[in-house]
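Student: Okay, here's the structure, questions in a sec.
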Amino acid sequence: MALLPILHYPDPRLRTHAEPVATVDAPVRQLIDDLLETMYAAPGIGLSATQVNVHKRVIVVDTSEQRNEPHAFVNPVIERADGFQEREEGCLSVPGFFETVKRADHIRVAALGRDGRPFELEAEGLLAVCIQHERDHLDGKLFVDYLSRLKRQRIKSKLKKQGAARSNGQR
């Protein structure tokens with residue numbers, strides 16, 4: 001397994017639409033393992049392949065307290081979304097920023113698992129939000145896109161300044 005570098009907003013590669021996975025083979029399973037290792041190390045509760053500059057429709061999620069319930073979704077499709085909730089979200093690609101986002105409270109997602117077999121999962125609460133958040137990444141959408149233009153611009157400016165400070169050796 002390997003830790004993968006995570007792209008940070010406003011990197012334009014985060015806007016890339018991921019391609020469907022034709023076959024869940026050894027390289028895809030390795031990608032899933034690497035995504036999980038990277039997510040846990042970050043630390044986070046979800047990560048998409050797009051965030052590590054691999055433009056395949058693969059996401060991983062683990063919202064458990066013990067970090068021992070990993071889910072892998074290959075070619076995820078949200079088949080149903082009901083209700084709504086507003087919850088504070090953050091993102092490994094938008095480090096240090098948390099904003100309230102409105103999303104469906106209950107979803108049904110269909111995908112292929114790590115074993116290549118199709119499955120469906122009913123999710124609610126935090127798990128539903130996390131799946132929706134990561135699924136958005138596969139279409140080049142970030143949680144900041146749900147915010148006002150002013151908030152989005154403020155976040156972008158602060159992240160650019162932080163990136164410039166890192167490039168100049170400052171902290």
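Order determines the names: the first chain of the structure tokens is A, the second B, and so forth; residues in each chain are numbered 1 upward, and ligands are numbered 1 upward as they are shown.
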Taking a cut-off of 9 Å and counting only C-alpha atoms, can you build a table that, for each residue of range 29-95 of chain A near range 111-117 of chain A, reports the nearest atom pair and how far apart they are in Å (one decimal), sorted by chain then residue number, as CSV?
Tutor:
```
residue,atom,partner,partner_atom,distance
A:Arg29,CA,A:Arg114,CA,6.0
A:Ile32,CA,A:Arg114,CA,7.4
A:His71,CA,A:Gly113,CA,8.2
A:Ala72,CA,A:Gly113,CA,5.9
A:Phe73,CA,A:Ala111,CA,5.5
A:Val74,CA,A:Leu112,CA,4.8
A:Asn75,CA,A:Ala111,CA,5.5
A:Pro76,CA,A:Ala111,CA,4.4
A:Val77,CA,A:Ala111,CA,6.3
A:Ile78,CA,A:Ala111,CA,8.8
```
Student: Would you mind writing down, as an MDAnalysis selection string, each residue of range 3-154 of chain A that DSSP on the backbone assigns to strand (DSSP E)?
Tutor: chainID A and resid 46:48 58:61 71:82 85:91 94:103 106:112 118:124
Student: Please produce a file of the residues just selected, as a PDB file, in the first residue's frame, where the atoms kept are C-alpha atoms.
Tutor:
```
ATOM      1  CA  GLY A  46     -13.865   9.593   2.801  1.00  0.00           C
ATOM      2  CA  LEU A  47     -11.683   9.939  -0.278  1.00  0.00           C
ATOM      3  CA  SER A  48     -12.219   9.746  -4.022  1.00  0.00           C
ATOM      4  CA  VAL A  58     -13.728   4.880  -7.168  1.00  0.00           C
ATOM      5  CA  ILE A  59     -14.450   6.170  -3.655  1.00  0.00           C
ATOM      6  CA  VAL A  60     -13.776   4.905  -0.150  1.00  0.00           C
ATOM      7  CA  VAL A  61     -15.591   5.800   3.068  1.00  0.00           C
ATOM      8  CA  HIS A  71     -16.531   0.789   2.325  1.00  0.00           C
ATOM      9  CA  ALA A  72     -15.295   0.794  -1.268  1.00  0.00           C
ATOM     10  CA  PHE A  73     -17.570   1.880  -4.113  1.00  0.00           C
ATOM     11  CA  VAL A  74     -16.590   1.366  -7.745  1.00  0.00           C
ATOM     12  CA  ASN A  75     -18.799   3.172 -10.293  1.00  0.00           C
ATOM     13  CA  PRO A  76     -21.203   4.380  -7.558  1.00  0.00           C
ATOM     14  CA  VAL A  77     -24.657   5.550  -8.593  1.00  0.00           C
ATOM     15  CA  ILE A  78     -27.057   7.168  -6.152  1.00  0.00           C
ATOM     16  CA  GLU A  79     -30.349   5.541  -7.079  1.00  0.00           C
ATOM     17  CA  ARG A  80     -32.530   7.283  -4.536  1.00  0.00           C
ATOM     18  CA  ALA A  81     -32.174  10.295  -2.261  1.00  0.00           C
ATOM     19  CA  ASP A  82     -34.790  11.298   0.310  1.00  0.00           C
ATOM     20  CA  GLN A  85     -30.087  17.389   6.434  1.00  0.00           C
ATOM     21  CA  GLU A  86     -27.724  20.254   6.990  1.00  0.00           C
ATOM     22  CA  ARG A  87     -24.376  19.220   8.317  1.00  0.00           C
ATOM     23  CA  GLU A  88     -20.968  20.783   8.611  1.00  0.00           C
ATOM     24  CA  GLU A  89     -18.627  19.332   5.987  1.00  0.00           C
ATOM     25  CA  GLY A  90     -14.929  19.492   5.450  1.00  0.00           C
ATOM     26  CA  CYS A  91     -12.748  17.996   2.742  1.00  0.00           C
ATOM     27  CA  VAL A  94     -10.001  21.883   1.135  1.00  0.00           C
ATOM     28  CA  PRO A  95      -7.958  21.570   4.339  1.00  0.00           C
ATOM     29  CA  GLY A  96      -8.936  23.562   7.393  1.00  0.00           C
ATOM     30  CA  PHE A  97     -12.342  24.730   6.153  1.00  0.00           C
ATOM     31  CA  PHE A  98     -15.728  23.526   7.381  1.00  0.00           C
ATOM     32  CA  GLU A  99     -19.076  24.825   6.159  1.00  0.00           C
ATOM     33  CA  THR A 100     -22.709  23.764   6.463  1.00  0.00           C
ATOM     34  CA  VAL A 101     -24.057  21.973   3.383  1.00  0.00           C
ATOM     35  CA  LYS A 102     -27.566  20.714   2.654  1.00  0.00           C
ATOM     36  CA  ARG A 103     -27.758  17.124   1.338  1.00  0.00           C
ATOM     37  CA  HIS A 106     -31.222   8.958   3.224  1.00  0.00           C
ATOM     38  CA  ILE A 107     -29.796   7.436   0.033  1.00  0.00           C
ATOM     39  CA  ARG A 108     -29.557   4.148  -1.785  1.00  0.00           C
ATOM     40  CA  VAL A 109     -26.300   3.689  -3.667  1.00  0.00           C
ATOM     41  CA  ALA A 110     -25.482   0.950  -6.174  1.00  0.00           C
ATOM     42  CA  ALA A 111     -21.874   0.106  -6.984  1.00  0.00           C
ATOM     43  CA  LEU A 112     -19.340  -2.617  -7.505  1.00  0.00           C
ATOM     44  CA  PRO A 118     -22.526  -5.437  -7.614  1.00  0.00           C
ATOM     45  CA  PHE A 119     -24.199  -4.362  -4.379  1.00  0.00           C
ATOM     46  CA  GLU A 120     -26.640  -1.805  -3.045  1.00  0.00           C
ATOM     47  CA  LEU A 121     -26.399   0.037   0.253  1.00  0.00           C
ATOM     48  CA  GLU A 122     -28.992   2.074   2.118  1.00  0.00           C
ATOM     49  CA  ALA A 123     -27.323   4.866   4.064  1.00  0.00           C
ATOM     50  CA  GLU A 124     -28.475   7.732   6.267  1.00  0.00           C
TER      51      GLU A 124
END
```
Student: Would you list the contacts of range 14-21 of chain A as a PyMOL selection string, taking every protein, DNA or RNA residue within 10 Å and counting only C-alpha atoms, but skipping same-chain residues closer than 5 positions in sequence?
Tutor: chain A and resi 6-9+28+48-58+74-76+93+112+136-142
Student: Near Gly125 in chain A, within 7 Å and counting only C-alpha atoms, which residues show up once chain neighbours fewer than 2 positions away are dropped, as a list of chain:residue names?
Tutor: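 Non-adjacent residues within range: A:Asp105, A:His106, A:Leu127, A:Ala128, A:Val129.
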Student: Among the residues of chain A, find those DSSP assigns to helix (DSSP H, G or I) from the backbone and print them as a PyMOL selection string.
Tutor: chain A and resi 12-15+26-41+49-52+125-137+143-146+149-167
Student: Show me, as a PDB file with N, CA and C atoms, in the first residue's frame, the residues that have an atom within 12 Å of Arg152 in chain A when counting only C-alpha atoms, minus same-chain residues fewer than 2 positions from it.
Tutor:
```pdb
ATOM      1  N   TYR A   9      -7.756  22.210  -3.437  1.00  0.00           N
ATOM      2  CA  TYR A   9      -8.511  23.266  -4.096  1.00  0.00           C
ATOM      3  C   TYR A   9      -7.682  24.532  -4.106  1.00  0.00           C
ATOM      4  N   PRO A  10      -7.591  25.271  -5.183  1.00  0.00           N
ATOM      5  CA  PRO A  10      -8.382  25.210  -6.409  1.00  0.00           C
ATOM      6  C   PRO A  10      -7.716  24.455  -7.566  1.00  0.00           C
ATOM      7  N   VAL A  94      -9.765  20.502   0.715  1.00  0.00           N
ATOM      8  CA  VAL A  94     -10.001  21.883   1.135  1.00  0.00           C
ATOM      9  C   VAL A  94      -9.642  21.949   2.625  1.00  0.00           C
ATOM     10  N   PHE A  97     -11.094  23.999   6.328  1.00  0.00           N
ATOM     11  CA  PHE A  97     -12.342  24.730   6.153  1.00  0.00           C
ATOM     12  C   PHE A  97     -13.528  23.795   6.356  1.00  0.00           C
ATOM     13  N   PHE A  98     -14.512  24.283   7.096  1.00  0.00           N
ATOM     14  CA  PHE A  98     -15.728  23.526   7.381  1.00  0.00           C
ATOM     15  C   PHE A  98     -16.904  24.463   7.196  1.00  0.00           C
ATOM     16  N   GLU A  99     -17.892  24.012   6.429  1.00  0.00           N
ATOM     17  CA  GLU A  99     -19.076  24.825   6.159  1.00  0.00           C
ATOM     18  C   GLU A  99     -20.309  23.930   6.166  1.00  0.00           C
ATOM     19  N   LEU A 142     -17.042  19.951  -5.808  1.00  0.00           N
ATOM     20  CA  LEU A 142     -16.551  20.004  -4.433  1.00  0.00           C
ATOM     21  C   LEU A 142     -17.614  20.607  -3.526  1.00  0.00           C
ATOM     22  N   PHE A 143     -17.477  20.362  -2.231  1.00  0.00           N
ATOM     23  CA  PHE A 143     -18.478  20.887  -1.299  1.00  0.00           C
ATOM     24  C   PHE A 143     -18.539  22.403  -1.343  1.00  0.00           C
ATOM     25  N   VAL A 144     -17.456  23.071  -1.715  1.00  0.00           N
ATOM     26  CA  VAL A 144     -17.473  24.535  -1.791  1.00  0.00           C
ATOM     27  C   VAL A 144     -18.414  25.032  -2.881  1.00  0.00           C
ATOM     28  N   ASP A 145     -18.756  24.164  -3.840  1.00  0.00           N
ATOM     29  CA  ASP A 145     -19.680  24.552  -4.897  1.00  0.00           C
ATOM     30  C   ASP A 145     -21.094  24.751  -4.370  1.00  0.00           C
ATOM     31  N   TYR A 146     -21.375  24.240  -3.179  1.00  0.00           N
ATOM     32  CA  TYR A 146     -22.684  24.421  -2.547  1.00  0.00           C
ATOM     33  C   TYR A 146     -22.752  25.730  -1.759  1.00  0.00           C
ATOM     34  N   LEU A 147     -21.626  26.426  -1.642  1.00  0.00           N
ATOM     35  CA  LEU A 147     -21.548  27.652  -0.848  1.00  0.00           C
ATOM     36  C   LEU A 147     -21.781  28.871  -1.729  1.00  0.00           C
ATOM     37  N   SER A 148     -21.966  30.003  -1.080  1.00  0.00           N
ATOM     38  CA  SER A 148     -22.104  31.250  -1.831  1.00  0.00           C
ATOM     39  C   SER A 148     -20.788  31.553  -2.541  1.00  0.00           C
ATOM     40  N   ARG A 149     -20.884  32.347  -3.593  1.00  0.00           N
ATOM     41  CA  ARG A 149     -19.686  32.718  -4.345  1.00  0.00           C
ATOM     42  C   ARG A 149     -18.689  33.453  -3.453  1.00  0.00           C
ATOM     43  N   LEU A 150     -19.188  34.278  -2.557  1.00  0.00           N
ATOM     44  CA  LEU A 150     -18.323  35.023  -1.646  1.00  0.00           C
ATOM     45  C   LEU A 150     -17.544  34.079  -0.730  1.00  0.00           C
ATOM     46  N   ARG A 154     -13.459  33.409  -0.728  1.00  0.00           N
ATOM     47  CA  ARG A 154     -12.671  33.604   0.495  1.00  0.00           C
ATOM     48  C   ARG A 154     -11.806  32.365   0.774  1.00  0.00           C
ATOM     49  N   ILE A 155     -12.404  31.196   0.641  1.00  0.00           N
ATOM     50  CA  ILE A 155     -11.672  29.946   0.868  1.00  0.00           C
ATOM     51  C   ILE A 155     -10.556  29.799  -0.161  1.00  0.00           C
ATOM     52  N   LYS A 156     -10.864  30.055  -1.419  1.00  0.00           N
ATOM     53  CA  LYS A 156      -9.864  29.935  -2.489  1.00  0.00           C
ATOM     54  C   LYS A 156      -8.681  30.867  -2.227  1.00  0.00           C
ATOM     55  N   SER A 157      -8.960  32.109  -1.836  1.00  0.00           N
ATOM     56  CA  SER A 157      -7.898  33.086  -1.569  1.00  0.00           C
ATOM     57  C   SER A 157      -7.009  32.643  -0.413  1.00  0.00           C
ATOM     58  N   LYS A 158      -7.625  32.164   0.661  1.00  0.00           N
ATOM     59  CA  LYS A 158      -6.842  31.724   1.821  1.00  0.00           C
ATOM     60  C   LYS A 158      -5.979  30.515   1.475  1.00  0.00           C
ATOM     61  N   LEU A 159      -6.523  29.572   0.708  1.00  0.00           N
ATOM     62  CA  LEU A 159      -5.739  28.392   0.335  1.00  0.00           C
ATOM     63  C   LEU A 159      -4.594  28.758  -0.608  1.00  0.00           C
TER      64      LEU A 159
END
```
Student: Using only C-alpha atoms, determine which residues lie at most 12 Å from Glu37 in chain A, disregarding the query and same-chain residues fewer than 2 positions distant; provide the list as an NGL selection string.
Tutor: :A and (1-5 or 30-35 or 39-47 or 60-62 or 67-68 or 70)
Student: When you draw a straight line from CA of Lys160 in chain A to CA of Glu134 in chain A, how long is it in Å?
Tutor: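 Those two atoms sit 22.9 Å apart.
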Student: Please report the interatomic distance between CA of Val24 in chain A and CA of Gln132 in chain A in Å with one decimal.
Tutor: 21.6 Å
Student: What does the structure give for the distance between CA of Ala104 in chain A and CA of Gly83 in chain A, in Å to one decimal?
Tutor: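 Computing the Euclidean distance for CA of Ala104 in chain A and CA of Gly83 in chain A yields 5.3 Å.
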Student: Counting only C-alpha atoms, figure out which residue out of A:Thr38, A:Ser64, A:Lys161, A:Ala22 gets nearest to Leu92 in chain A.
Tutor: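 Going through A:Thr38, A:Ser64, A:Lys161, A:Ala22 one by one, the smallest distance to Leu92 in chain A is for A:Thr38.
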